[in-house]
$ cat work-v8.pdb   # PDB, C-alpha atoms
ATOM      1  CA  MET A   1      32.600 -60.163 -52.102
ATOM      2  CA  PRO A   2      30.880 -58.290 -49.228
ATOM      3  CA  VAL A   3      28.517 -60.200 -46.926
ATOM      4  CA  LEU A   4      26.166 -57.200 -46.958
ATOM      5  CA  GLU A   5      26.204 -54.182 -49.245
ATOM      6  CA  ALA A   6      23.779 -51.273 -49.004
ATOM      7  CA  ARG A   7      23.494 -48.853 -51.919
ATOM      8  CA  HIS A   8      21.751 -45.493 -51.619
ATOM      9  CA  LEU A   9      19.338 -46.675 -48.953
ATOM     10  CA  ASN A  10      16.473 -44.307 -48.085
ATOM     11  CA  VAL A  11      13.794 -44.912 -45.462
ATOM     12  CA  GLU A  12      10.741 -42.663 -45.138
ATOM     13  CA  ILE A  13       8.128 -43.215 -42.438
ATOM     14  CA  PRO A  14       4.665 -41.614 -42.716
ATOM     15  CA  THR A  15       3.367 -39.938 -39.528
ATOM     16  CA  GLU A  16       0.531 -37.588 -38.613
ATOM     17  CA  ASP A  17       3.002 -34.699 -38.742
ATOM     18  CA  GLY A  18       4.417 -35.596 -42.140
ATOM     19  CA  ILE A  19       7.082 -37.831 -43.675
ATOM     20  CA  VAL A  20      10.002 -38.682 -41.381
ATOM     21  CA  HIS A  21      13.180 -39.011 -43.474
ATOM     22  CA  ALA A  22      14.758 -41.564 -41.146
ATOM     23  CA  VAL A  23      17.576 -42.684 -43.478
ATOM     24  CA  ARG A  24      18.895 -40.624 -46.394
ATOM     25  CA  ASP A  25      21.133 -42.010 -49.151
ATOM     26  CA  VAL A  26      23.226 -44.319 -46.974
ATOM     27  CA  SER A  27      25.698 -46.715 -48.599
ATOM     28  CA  PHE A  28      28.181 -49.126 -47.004
ATOM     29  CA  SER A  29      29.593 -52.636 -47.397
ATOM     30  CA  ILE A  30      30.647 -55.211 -44.810
ATOM     31  CA  ARG A  31      33.324 -57.822 -45.376
ATOM     32  CA  GLN A  32      33.096 -61.455 -44.310
ATOM     33  CA  GLY A  33      33.949 -62.060 -40.648
ATOM     34  CA  GLU A  34      34.366 -58.427 -39.609
ATOM     35  CA  LEU A  35      32.696 -56.509 -36.798
ATOM     36  CA  PHE A  36      31.086 -53.443 -38.342
ATOM     37  CA  GLY A  37      30.074 -50.686 -35.933
ATOM     38  CA  ILE A  38      27.251 -48.200 -36.473
ATOM     39  CA  ALA A  39      27.338 -45.292 -34.026
ATOM     40  CA  GLY A  40      25.394 -42.113 -33.388
ATOM     41  CA  GLU A  41      23.053 -40.391 -30.981
ATOM     42  CA  SER A  42      19.489 -41.559 -30.383
ATOM     43  CA  GLY A  43      17.374 -40.697 -33.411
ATOM     44  CA  SER A  44      20.263 -40.813 -35.859
ATOM     45  CA  GLY A  45      18.684 -43.644 -37.870
ATOM     46  CA  LYS A  46      20.827 -46.572 -36.714
ATOM     47  CA  SER A  47      18.009 -48.918 -35.647
ATOM     48  CA  VAL A  48      15.653 -47.869 -38.446
ATOM     49  CA  LEU A  49      18.390 -48.697 -40.938
ATOM     50  CA  THR A  50      18.768 -52.294 -39.774
ATOM     51  CA  GLN A  51      15.023 -52.801 -39.254
ATOM     52  CA  ALA A  52      14.440 -51.713 -42.841
ATOM     53  CA  ILE A  53      17.076 -54.190 -44.018
ATOM     54  CA  LEU A  54      15.207 -57.011 -42.251
ATOM     55  CA  GLY A  55      11.768 -55.933 -43.476
ATOM     56  CA  LEU A  56      10.532 -54.978 -40.002
ATOM     57  CA  LEU A  57       9.033 -51.612 -41.036
ATOM     58  CA  PRO A  58       5.870 -52.554 -42.962
ATOM     59  CA  THR A  59       4.508 -48.981 -43.189
ATOM     60  CA  ALA A  60       7.784 -47.384 -44.299
ATOM     61  CA  SER A  61       8.850 -46.547 -47.828
ATOM     62  CA  VAL A  62      12.262 -48.145 -48.387
ATOM     63  CA  ARG A  63      14.284 -47.378 -51.521
ATOM     64  CA  GLY A  64      17.710 -48.488 -52.635
ATOM     65  CA  GLU A  65      19.432 -51.857 -52.599
ATOM     66  CA  VAL A  66      20.693 -54.114 -49.830
ATOM     67  CA  MET A  67      22.513 -57.112 -51.283
ATOM     68  CA  PHE A  68      22.914 -60.220 -49.105
ATOM     69  CA  ALA A  69      24.010 -63.611 -50.443
ATOM     70  CA  GLY A  70      23.238 -62.501 -53.980
ATOM     71  CA  ARG A  71      19.723 -61.268 -53.159
ATOM     72  CA  ASN A  72      18.328 -57.770 -52.827
ATOM     73  CA  LEU A  73      16.575 -57.721 -49.447
ATOM     74  CA  ILE A  74      14.623 -54.579 -50.329
ATOM     75  CA  GLY A  75      11.351 -55.699 -51.862
ATOM     76  CA  LEU A  76      11.870 -59.356 -50.953
ATOM     77  CA  PRO A  77       8.490 -60.944 -50.028
ATOM     78  CA  GLN A  78       7.818 -61.429 -46.327
ATOM     79  CA  ASP A  79       7.916 -65.226 -46.542
ATOM     80  CA  GLY A  80      11.412 -64.968 -48.029
ATOM     81  CA  LEU A  81      12.516 -62.602 -45.270
ATOM     82  CA  ARG A  82      11.093 -64.915 -42.599
ATOM     83  CA  ARG A  83      13.203 -67.767 -43.960
ATOM     84  CA  LEU A  84      16.286 -65.557 -43.709
ATOM     85  CA  ARG A  85      15.612 -64.105 -40.258
ATOM     86  CA  GLY A  86      16.980 -66.376 -37.553
ATOM     87  CA  LYS A  87      18.620 -68.796 -39.976
ATOM     88  CA  GLU A  88      20.956 -66.634 -42.071
ATOM     89  CA  ILE A  89      20.600 -63.302 -40.267
ATOM     90  CA  GLY A  90      20.399 -63.209 -36.456
ATOM     91  CA  MET A  91      19.130 -60.234 -34.446
ATOM     92  CA  ILE A  92      19.712 -59.079 -30.875
ATOM     93  CA  PHE A  93      17.443 -56.280 -29.641
ATOM     94  CA  GLN A  94      18.053 -53.678 -26.939
ATOM     95  CA  ASP A  95      15.968 -55.059 -24.065
ATOM     96  CA  PRO A  96      16.271 -58.825 -23.525
ATOM     97  CA  LEU A  97      13.489 -58.885 -20.924
ATOM     98  CA  SER A  98      10.903 -57.625 -23.423
ATOM     99  CA  SER A  99      12.310 -59.877 -26.163
ATOM    100  CA  LEU A 100      12.079 -63.074 -24.085
ATOM    101  CA  HIS A 101       8.642 -64.580 -23.367
ATOM    102  CA  PRO A 102       8.030 -64.730 -19.598
ATOM    103  CA  TYR A 103       5.885 -67.892 -19.799
ATOM    104  CA  TYR A 104       8.441 -70.129 -21.517
ATOM    105  CA  THR A 105      11.788 -71.436 -20.320
ATOM    106  CA  ILE A 106      14.884 -70.054 -21.939
ATOM    107  CA  GLY A 107      15.761 -73.536 -23.215
ATOM    108  CA  ALA A 108      12.420 -73.865 -24.993
ATOM    109  CA  GLN A 109      12.766 -70.412 -26.553
ATOM    110  CA  ILE A 110      16.198 -71.158 -27.983
ATOM    111  CA  ALA A 111      15.125 -74.609 -29.176
ATOM    112  CA  GLU A 112      12.154 -73.035 -30.985
ATOM    113  CA  VAL A 113      14.595 -71.427 -33.451
ATOM    114  CA  LEU A 114      16.023 -74.861 -34.279
ATOM    115  CA  HIS A 115      12.576 -76.421 -34.741
ATOM    116  CA  THR A 116      11.502 -73.519 -36.968
ATOM    117  CA  HIS A 117      14.350 -73.929 -39.434
ATOM    118  CA  GLU A 118      15.363 -77.608 -39.137
ATOM    119  CA  ARG A 119      13.904 -81.083 -38.716
ATOM    120  CA  ILE A 120      15.461 -82.012 -35.398
ATOM    121  CA  SER A 121      14.558 -84.262 -32.459
ATOM    122  CA  GLU A 122      13.909 -82.888 -28.975
ATOM    123  CA  PRO A 123      17.003 -84.538 -27.432
ATOM    124  CA  GLU A 124      19.264 -83.231 -30.199
ATOM    125  CA  ALA A 125      17.801 -79.734 -29.911
ATOM    126  CA  ARG A 126      18.264 -79.779 -26.135
ATOM    127  CA  ALA A 127      21.908 -80.860 -26.496
ATOM    128  CA  ARG A 128      22.640 -78.084 -28.995
ATOM    129  CA  VAL A 129      20.947 -75.475 -26.829
ATOM    130  CA  ILE A 130      22.903 -76.519 -23.739
ATOM    131  CA  ASP A 131      26.136 -76.427 -25.731
ATOM    132  CA  MET A 132      25.347 -72.902 -26.983
ATOM    133  CA  LEU A 133      24.423 -71.684 -23.500
ATOM    134  CA  GLY A 134      27.826 -72.848 -22.329
ATOM    135  CA  LYS A 135      29.561 -71.060 -25.198
ATOM    136  CA  VAL A 136      27.925 -67.722 -24.329
ATOM    137  CA  GLY A 137      28.988 -68.018 -20.707
ATOM    138  CA  ILE A 138      25.898 -69.274 -18.858
ATOM    139  CA  PRO A 139      27.189 -71.241 -15.811
ATOM    140  CA  SER A 140      25.853 -74.810 -15.416
ATOM    141  CA  PRO A 141      23.922 -74.593 -18.702
ATOM    142  CA  ALA A 142      22.187 -77.972 -18.315
ATOM    143  CA  ASP A 143      20.753 -76.857 -14.968
ATOM    144  CA  ARG A 144      19.636 -73.462 -16.353
ATOM    145  CA  TYR A 145      17.903 -74.913 -19.433
ATOM    146  CA  GLY A 146      14.558 -75.091 -17.640
ATOM    147  CA  ASP A 147      14.769 -71.672 -15.949
ATOM    148  CA  TYR A 148      12.616 -68.680 -16.880
ATOM    149  CA  PRO A 149      13.825 -65.220 -17.990
ATOM    150  CA  HIS A 150      13.041 -63.588 -14.624
ATOM    151  CA  GLN A 151      15.513 -65.965 -12.960
ATOM    152  CA  PHE A 152      18.432 -64.405 -14.888
ATOM    153  CA  SER A 153      20.205 -61.090 -14.373
ATOM    154  CA  GLY A 154      20.191 -58.489 -17.140
ATOM    155  CA  GLY A 155      23.626 -59.520 -18.359
ATOM    156  CA  MET A 156      22.702 -63.208 -18.343
ATOM    157  CA  ARG A 157      19.471 -62.497 -20.239
ATOM    158  CA  GLN A 158      21.485 -60.726 -22.901
ATOM    159  CA  ARG A 159      23.738 -63.784 -23.150
ATOM    160  CA  VAL A 160      20.591 -65.860 -23.697
ATOM    161  CA  MET A 161      19.592 -63.497 -26.513
ATOM    162  CA  ILE A 162      23.031 -63.959 -28.069
ATOM    163  CA  ALA A 163      22.525 -67.736 -27.851
ATOM    164  CA  ILE A 164      19.155 -67.411 -29.636
ATOM    165  CA  ALA A 165      20.723 -65.289 -32.369
ATOM    166  CA  LEU A 166      23.689 -67.637 -32.890
ATOM    167  CA  ILE A 167      22.083 -71.079 -32.479
ATOM    168  CA  MET A 168      21.711 -71.422 -36.289
ATOM    169  CA  LYS A 169      25.247 -70.030 -36.844
ATOM    170  CA  PRO A 170      24.001 -67.300 -39.200
ATOM    171  CA  ALA A 171      26.255 -65.556 -41.699
ATOM    172  CA  LEU A 172      25.264 -62.163 -40.264
ATOM    173  CA  LEU A 173      24.384 -61.047 -36.738
ATOM    174  CA  ILE A 174      22.851 -57.630 -36.027
ATOM    175  CA  ALA A 175      23.178 -56.448 -32.408
ATOM    176  CA  ASP A 176      21.035 -53.344 -31.830
ATOM    177  CA  GLU A 177      22.238 -51.492 -28.715
ATOM    178  CA  PRO A 178      22.702 -54.809 -26.843
ATOM    179  CA  THR A 179      24.337 -53.135 -23.809
ATOM    180  CA  THR A 180      22.036 -50.134 -23.240
ATOM    181  CA  ALA A 181      20.426 -51.346 -20.005
ATOM    182  CA  LEU A 182      23.613 -52.828 -18.528
ATOM    183  CA  ASP A 183      26.278 -51.387 -16.248
ATOM    184  CA  VAL A 184      29.690 -50.512 -17.663
ATOM    185  CA  THR A 185      31.444 -53.717 -16.578
ATOM    186  CA  VAL A 186      28.750 -55.955 -18.050
ATOM    187  CA  GLN A 187      28.668 -53.835 -21.221
ATOM    188  CA  GLU A 188      32.322 -54.608 -21.836
ATOM    189  CA  GLN A 189      31.724 -58.308 -21.169
ATOM    190  CA  ILE A 190      28.879 -58.463 -23.705
ATOM    191  CA  VAL A 191      30.869 -56.649 -26.401
ATOM    192  CA  ALA A 192      33.856 -58.942 -25.767
ATOM    193  CA  LEU A 193      31.535 -61.973 -25.991
ATOM    194  CA  LEU A 194      30.140 -60.817 -29.345
ATOM    195  CA  ASP A 195      33.689 -60.418 -30.643
ATOM    196  CA  GLU A 196      34.645 -63.866 -29.331
ATOM    197  CA  MET A 197      31.588 -65.518 -30.923
ATOM    198  CA  ARG A 198      32.351 -63.746 -34.207
ATOM    199  CA  ARG A 199      35.821 -65.256 -34.244
ATOM    200  CA  GLU A 200      34.617 -68.728 -33.225
ATOM    201  CA  PHE A 201      31.710 -69.051 -35.684
ATOM    202  CA  GLY A 202      32.966 -66.807 -38.478
ATOM    203  CA  THR A 203      29.797 -64.747 -38.205
ATOM    204  CA  THR A 204      29.866 -61.183 -39.473
ATOM    205  CA  VAL A 205      28.587 -58.768 -36.809
ATOM    206  CA  ILE A 206      26.893 -55.376 -37.061
ATOM    207  CA  LEU A 207      27.072 -53.694 -33.643
ATOM    208  CA  ILE A 208      24.846 -50.638 -33.189
ATOM    209  CA  THR A 209      25.607 -48.275 -30.325
ATOM    210  CA  HIS A 210      25.417 -44.627 -29.253
ATOM    211  CA  ASP A 211      28.801 -44.991 -27.516
ATOM    212  CA  LEU A 212      31.813 -44.987 -29.823
ATOM    213  CA  GLY A 213      34.004 -46.009 -26.899
ATOM    214  CA  LEU A 214      32.432 -49.481 -26.875
ATOM    215  CA  LEU A 215      33.594 -50.041 -30.443
ATOM    216  CA  SER A 216      37.152 -48.845 -29.979
ATOM    217  CA  SER A 217      38.658 -52.231 -29.119
ATOM    218  CA  VAL A 218      36.633 -54.524 -31.403
ATOM    219  CA  ALA A 219      35.357 -52.777 -34.561
ATOM    220  CA  ASN A 220      37.059 -53.295 -37.905
ATOM    221  CA  ASP A 221      35.096 -50.564 -39.685
ATOM    222  CA  VAL A 222      32.765 -47.940 -38.221
ATOM    223  CA  MET A 223      29.957 -45.882 -39.747
ATOM    224  CA  VAL A 224      28.859 -42.751 -37.875
ATOM    225  CA  MET A 225      25.277 -41.589 -38.518
ATOM    226  CA  TYR A 226      23.531 -38.332 -37.716
ATOM    227  CA  ALA A 227      19.959 -37.306 -38.582
ATOM    228  CA  GLY A 228      19.638 -40.241 -40.965
ATOM    229  CA  ARG A 229      22.860 -39.533 -42.850
ATOM    230  CA  ARG A 230      26.208 -41.271 -43.031
ATOM    231  CA  MET A 231      28.633 -38.642 -41.701
ATOM    232  CA  GLU A 232      31.826 -40.703 -41.559
ATOM    233  CA  LEU A 233      32.913 -44.195 -42.532
ATOM    234  CA  GLY A 234      36.268 -45.914 -42.217
ATOM    235  CA  PRO A 235      38.567 -48.295 -40.355
ATOM    236  CA  GLY A 236      38.099 -48.144 -36.604
ATOM    237  CA  THR A 237      41.808 -47.551 -35.972
ATOM    238  CA  SER A 238      41.840 -44.415 -38.145
ATOM    239  CA  LEU A 239      38.456 -43.128 -37.040
ATOM    240  CA  PHE A 240      39.238 -43.372 -33.327
ATOM    241  CA  ARG A 241      42.748 -41.972 -33.684
ATOM    242  CA  THR A 242      42.012 -39.013 -35.969
ATOM    243  CA  PRO A 243      38.296 -38.520 -36.678
ATOM    244  CA  ALA A 244      37.649 -36.618 -39.911
ATOM    245  CA  HIS A 245      34.183 -35.278 -39.069
ATOM    246  CA  PRO A 246      33.484 -32.822 -36.216
ATOM    247  CA  TYR A 247      30.476 -34.914 -35.180
ATOM    248  CA  THR A 248      32.630 -38.033 -34.750
ATOM    249  CA  ALA A 249      35.122 -36.024 -32.693
ATOM    250  CA  GLY A 250      32.247 -34.767 -30.530
ATOM    251  CA  LEU A 251      30.969 -38.287 -29.909
ATOM    252  CA  LEU A 252      34.432 -39.393 -28.835
ATOM    253  CA  ARG A 253      34.813 -36.440 -26.435
ATOM    254  CA  SER A 254      31.443 -37.205 -24.853
ATOM    255  CA  SER A 255      32.002 -40.966 -24.517
ATOM    256  CA  PRO A 256      32.204 -42.389 -20.965
ATOM    257  CA  ALA A 257      35.176 -44.419 -22.232
ATOM    258  CA  ASN A 258      37.175 -41.161 -22.245
ATOM    259  CA  TYR A 259      36.275 -40.218 -18.678
ATOM    260  CA  SER A 260      39.045 -39.782 -16.149
ATOM    261  CA  PRO A 261      38.517 -38.953 -12.439
ATOM    262  CA  GLY A 262      38.342 -35.233 -11.788
ATOM    263  CA  SER A 263      37.540 -34.310 -15.381
ATOM    264  CA  ASP A 264      34.249 -33.578 -17.137
ATOM    265  CA  LEU A 265      32.882 -35.147 -20.292
ATOM    266  CA  VAL A 266      32.334 -32.614 -23.071
ATOM    267  CA  PRO A 267      28.804 -32.943 -24.532
ATOM    268  CA  ILE A 268      27.837 -31.869 -28.034
ATOM    269  CA  ALA A 269      25.905 -28.612 -27.705
ATOM    270  CA  GLY A 270      22.325 -28.420 -28.931
ATOM    271  CA  ARG A 271      19.900 -31.122 -30.024
ATOM    272  CA  PRO A 272      19.489 -33.285 -33.138
ATOM    273  CA  PRO A 273      17.202 -31.764 -35.781
ATOM    274  CA  SER A 274      13.710 -32.799 -36.813
ATOM    275  CA  LEU A 275      13.729 -35.477 -39.487
ATOM    276  CA  LEU A 276      10.586 -33.980 -41.039
ATOM    277  CA  ALA A 277      12.503 -31.107 -42.660
ATOM    278  CA  THR A 278      15.212 -31.118 -45.312
ATOM    279  CA  PRO A 279      18.040 -28.693 -44.469
ATOM    280  CA  LYS A 280      19.690 -26.639 -47.201
ATOM    281  CA  GLY A 281      23.247 -27.297 -46.080
ATOM    282  CA  CYS A 282      24.954 -29.659 -43.644
ATOM    283  CA  VAL A 283      22.490 -31.174 -41.201
ATOM    284  CA  PHE A 284      25.066 -30.931 -38.376
ATOM    285  CA  ALA A 285      25.947 -27.261 -39.009
ATOM    286  CA  PRO A 286      23.717 -25.756 -36.234
ATOM    287  CA  ARG A 287      25.642 -27.774 -33.603
ATOM    288  CA  CYS A 288      29.109 -27.714 -35.167
ATOM    289  CA  ALA A 289      31.822 -25.585 -33.540
ATOM    290  CA  GLU A 290      33.766 -25.616 -36.818
ATOM    291  CA  ALA A 291      30.881 -24.624 -39.097
ATOM    292  CA  MET A 292      31.619 -22.193 -41.939
ATOM    293  CA  PRO A 293      29.109 -20.015 -43.848
ATOM    294  CA  VAL A 294      28.991 -22.530 -46.706
ATOM    295  CA  CYS A 295      27.863 -25.255 -44.276
ATOM    296  CA  ALA A 296      24.493 -23.523 -43.761
ATOM    297  CA  THR A 297      23.667 -23.120 -47.439
ATOM    298  CA  THR A 298      25.178 -25.983 -49.469
ATOM    299  CA  PRO A 299      25.188 -29.759 -48.893
ATOM    300  CA  PRO A 300      28.711 -30.927 -47.974
ATOM    301  CA  PRO A 301      30.872 -33.005 -50.328
ATOM    302  CA  LEU A 302      31.995 -36.544 -49.624
ATOM    303  CA  ARG A 303      35.743 -36.425 -48.969
ATOM    304  CA  GLY A 304      37.936 -39.527 -49.187
ATOM    305  CA  TYR A 305      41.312 -39.929 -47.495
ATOM    306  CA  SER A 306      44.272 -42.252 -47.968
ATOM    307  CA  ASP A 307      43.423 -44.275 -44.825
ATOM    308  CA  ARG A 308      40.035 -45.288 -46.371
ATOM    309  CA  VAL A 309      38.120 -42.803 -44.206
ATOM    310  CA  GLU A 310      35.252 -40.984 -45.935
ATOM    311  CA  SER A 311      33.674 -37.881 -44.423
ATOM    312  CA  LEU A 312      30.587 -35.893 -45.468
ATOM    313  CA  CYS A 313      31.980 -32.485 -44.561
ATOM    314  CA  TRP A 314      33.169 -29.146 -45.946
ATOM    315  CA  LEU A 315      36.138 -29.318 -43.565
ATOM    316  CA  GLU A 316      39.206 -30.493 -45.494
ATOM    317  CA  LEU A 317      41.865 -32.029 -43.288
ATOM    318  CA  GLY A 318      44.607 -32.419 -45.881
ATOM    319  CA  THR A 319      46.982 -35.371 -45.483
ATOM    320  CA  ARG A 320      45.997 -37.874 -42.786
TER     321      ARG A 320
END
$ encode --input "work-v8.pdb" --output "structure tokens"
Amino acid sequence: MPVLEARHLNVEIPTEDGIVHAVRDVSFSIRQGELFGIAGESGSGKSVLTQAILGLLPTASVRGEVMFAGRNLIGLPQDGLRRLRGKEIGMIFQDPLSSLHPYYTIGAQIAEVLHTHERISEPEARARVIDMLGKVGIPSPADRYGDYPHQFSGGMRQRVMIAIALIMKPALLIADEPTTALDVTVQEQIVALLDEMRREFGTTVILITHDLGLLSSVANDVMVMYAGRRMELGPGTSLFRTPAHPYTAGLLRSSPANYSPGSDLVPIAGRPPSLLATPKGCVFAPRCAEAMPVCATTPPPLRGYSDRVESLCWLELGTR
């Protein structure tokens, strides 16, 4: 049974300019204990998707089903979602400095999660927090318990955020672009830490990123999104080796992970489309080097391959 299963999820956000179709008919399932990657350019709908799942978009219209632990999260009352958030579903946001309160010590902020969801004494909470800080790689955790966020580097602050998200040992952890503000070396350390914590605690992880290269060594399955749509979905090994969708191939060519000295990265030409309009054909067609006439006029079919890869594309690759 999947830990999380989304069925035909749609998210529409009202704005002064009209309705933004941020997520369109997206379905996927995540197995227990796996690291599930969601990749795509900025504005592709990755963050909106997970925020809708957690009930963090109060003005949006959200349709479809998201099943977690036998419950449909879509339409669940806010008090029910609050009981889930932090305890059964952890969340790591992009910028740890804006997520951590500057006036409180990091120890107090992690312990607050324990006091919110459990009846626990101060000494016991402190001991558990120090233990978790050590697990996420904070040196001398007992000495750093009383320090403030500004006393930590960006990478260390992100480790604190991971400790906050994991202190209740949730069944599911959502990491939304957790390495965006970090240098390449620290990015790799944070992704490796998430993978290590997943294996240690048995937590299922959703890792959202714009860089497919970061997922190449850790993701079990990967979903590639563009303009609110699911363009490709499949095992990471197959998707990275032989991408089925031209957009996925373009992301891989433009990833810093594929850079070698003396060569140039190959960007995807053009810009993502407005999410206010509904295109007649494939939403990626205006930027696709392999586009055919049918791509501009007719929505593409969903093609399935023997290696479990699914691609929303008119391009038929044959045997993979």
$ closest_residue --input "work-v8.pdb" --among "A:Ser42, A:His101, A:Pro141, A:Glu12" --to "A:Thr180" --atoms "all atoms listed in the file"
A:Ser42
$ atom_distance --input "work-v8.pdb" --atom1 "atom CA of A:Pro14" --atom2 "atom CA of A:Ile268"
29.1 Å
$ resolve_selection --input "work-v8.pdb" --expression "the PyMOL selection byres ((chain A and resi 143-158) around 6)" --output "JSON, numbers by chain"
{"A": [96, 105, 106, 107, 140, 141, 142, 159, 160, 161]}
$ residues_around --input "work-v8.pdb" --residues "A:Asp131" --least-positions-apart "3" --cutoff "12 Å" --atoms "only C-alpha atoms" --output "list in words"
Gly107, Ile110, Ala111, Glu124, Ala125, Arg126, Ala127, Arg128, Gly134, Lys135, Val136, Gly137, Ile138, Pro139, Ser140, Pro141, Ala142, Arg144, Tyr145, Ala163, Leu166 and Ile167 of chain A
$ closest_residue --input "work-v8.pdb" --among "A:Leu54, A:Val184, A:Ile19, A:Leu49" --to "A:Leu276" --atoms "only C-alpha atoms"
A:Ile19
$ residues_near_point --input "work-v8.pdb" --point "(1.9, -42.9, -46.1)" --cutoff "12 Å" --atoms "all atoms listed in the file" --output "PyMOL selection string"
chain A and resi 12-20+58-62
$ atom_distance --input "work-v8.pdb" --atom1 "atom CA of A:Trp314" --atom2 "atom CA of A:Ala227"
17.2 Å
$ atom_distance --input "work-v8.pdb" --atom1 "atom CA of A:Val48" --atom2 "atom CA of A:Val309"
23.7 Å
$ residues_around --input "work-v8.pdb" --residues "A:Tyr226" --least-positions-apart "3" --cutoff "9 Å" --atoms "all atoms listed in the file" --output "compact mmCIF listing (two decimals) with C-alpha atoms, keeping the file's coordinate frame"
# COMPACT_ATOMS: atom_id res chain seq x y z
CA ALA A 39 27.34 -45.29 -34.03
CA GLY A 40 25.39 -42.11 -33.39
CA GLU A 41 23.05 -40.39 -30.98
CA SER A 42 19.49 -41.56 -30.38
CA GLY A 43 17.37 -40.70 -33.41
CA SER A 44 20.26 -40.81 -35.86
CA GLY A 45 18.68 -43.64 -37.87
CA LYS A 46 20.83 -46.57 -36.71
CA ARG A 229 22.86 -39.53 -42.85
CA ARG A 230 26.21 -41.27 -43.03
CA MET A 231 28.63 -38.64 -41.70
CA TYR A 247 30.48 -34.91 -35.18
CA PRO A 272 19.49 -33.28 -33.14
CA VAL A 283 22.49 -31.17 -41.20
CA PHE A 284 25.07 -30.93 -38.38
$ closest_atom_pairs --input "work-v8.pdb" --of "stretch 152-197 of chain A" --to "stretch 213-223 of chain A" --cutoff "9 Å" --atoms "all atoms listed in the file" --output "Markdown table"
| residue | atom | partner | partner_atom | distance |
| --- | --- | --- | --- | --- |
| A:Gln187 | CA | A:Leu214 | CA | 8.1 |
| A:Glu188 | CA | A:Leu214 | CA | 7.2 |
| A:Val191 | CA | A:Leu214 | CA | 7.4 |
| A:Ala192 | CA | A:Val218 | CA | 7.7 |
| A:Asp195 | CA | A:Val218 | CA | 6.6 |
$ closest_residue --input "work-v8.pdb" --among "A:Asp176, A:Ile162, A:Pro279, A:Val294" --to "A:Val129" --atoms "only C-alpha atoms"
A:Ile162
$ resolve_selection --input "work-v8.pdb" --expression "the PyMOL selection byres ((chain A and resi 169) around 8)" --output "list in words"
Lys87, Glu88, Ala165, Leu166, Ile167, Met168, Pro170, Ala171, Phe201 and Thr203 of chain A
$ resolve_selection --input "work-v8.pdb" --expression "the PyMOL selection byres ((chain A and resi 29) around 10)" --output "list in words"
Met1, Pro2, Val3, Leu4, Glu5, Ala6, Arg7, Ser27, Phe28, Ile30, Arg31, Gln32, Phe36, Val66, Met67 and Asp221 of chain A
$ closest_residue --input "work-v8.pdb" --among "A:Glu65, A:Leu173, A:Met132, A:Gly33" --to "A:Arg85" --atoms "all atoms listed in the file"
A:Leu173
$ closest_residue --input "work-v8.pdb" --among "A:Arg253, A:Arg303, A:Arg199, A:Arg119" --to "A:Glu316" --atoms "only C-alpha atoms"
A:Arg303
$ closest_residue --input "work-v8.pdb" --among "A:Arg24, A:Ile174, A:Ala289, A:Ser98" --to "A:Ile53" --atoms "only C-alpha atoms"
A:Ile174
$ residues_around --input "work-v8.pdb" --residues "A:Gln78" --least-positions-apart "2" --cutoff "12 Å" --atoms "only C-alpha atoms" --output "short mmCIF file (atom, residue, chain, number, x, y, z; two decimals) with C-alpha atoms, keeping the file's coordinate frame"
data_model
loop_
_atom_site.label_atom_id
_atom_site.label_comp_id
_atom_site.auth_asym_id
_atom_site.auth_seq_id
_atom_site.Cartn_x
_atom_site.Cartn_y
_atom_site.Cartn_z
CA ILE A 53 17.08 -54.19 -44.02
CA LEU A 54 15.21 -57.01 -42.25
CA GLY A 55 11.77 -55.93 -43.48
CA LEU A 56 10.53 -54.98 -40.00
CA LEU A 57 9.03 -51.61 -41.04
CA PRO A 58 5.87 -52.55 -42.96
CA LEU A 73 16.58 -57.72 -49.45
CA ILE A 74 14.62 -54.58 -50.33
CA GLY A 75 11.35 -55.70 -51.86
CA LEU A 76 11.87 -59.36 -50.95
CA GLY A 80 11.41 -64.97 -48.03
CA LEU A 81 12.52 -62.60 -45.27
CA ARG A 82 11.09 -64.92 -42.60
CA ARG A 83 13.20 -67.77 -43.96
CA LEU A 84 16.29 -65.56 -43.71
CA ARG A 85 15.61 -64.10 -40.26
#
$ decode --input "work-v8.pdb" --residues "stretch 103-107 of chain A" --atoms "N, CA, C and O atoms" --output "mmCIF file, in the first residue's frame"
data_model
loop_
_atom_site.group_PDB
_atom_site.id
_atom_site.type_symbol
_atom_site.label_atom_id
_atom_site.label_comp_id
_atom_site.auth_asym_id
_atom_site.auth_seq_id
_atom_site.Cartn_x
_atom_site.Cartn_y
_atom_site.Cartn_z
ATOM 1 N N TYR A 103 14.491 34.983 17.542
ATOM 2 C CA TYR A 103 14.487 35.316 18.967
ATOM 3 C C TYR A 103 14.571 34.098 19.878
ATOM 4 O O TYR A 103 14.695 34.240 21.091
ATOM 5 N N TYR A 104 14.473 32.897 19.310
ATOM 6 C CA TYR A 104 14.467 31.689 20.122
ATOM 7 C C TYR A 104 15.650 30.799 19.752
ATOM 8 O O TYR A 104 16.074 30.761 18.596
ATOM 9 N N THR A 105 16.168 30.088 20.738
ATOM 10 C CA THR A 105 17.289 29.189 20.478
ATOM 11 C C THR A 105 16.824 28.030 19.606
ATOM 12 O O THR A 105 15.627 27.694 19.568
ATOM 13 N N ILE A 106 17.786 27.423 18.920
ATOM 14 C CA ILE A 106 17.399 26.321 18.054
ATOM 15 C C ILE A 106 16.892 25.132 18.882
ATOM 16 O O ILE A 106 15.988 24.408 18.466
ATOM 17 N N GLY A 107 17.443 24.956 20.078
ATOM 18 C CA GLY A 107 16.977 23.873 20.944
ATOM 19 C C GLY A 107 15.519 24.048 21.327
ATOM 20 O O GLY A 107 14.733 23.096 21.285
#
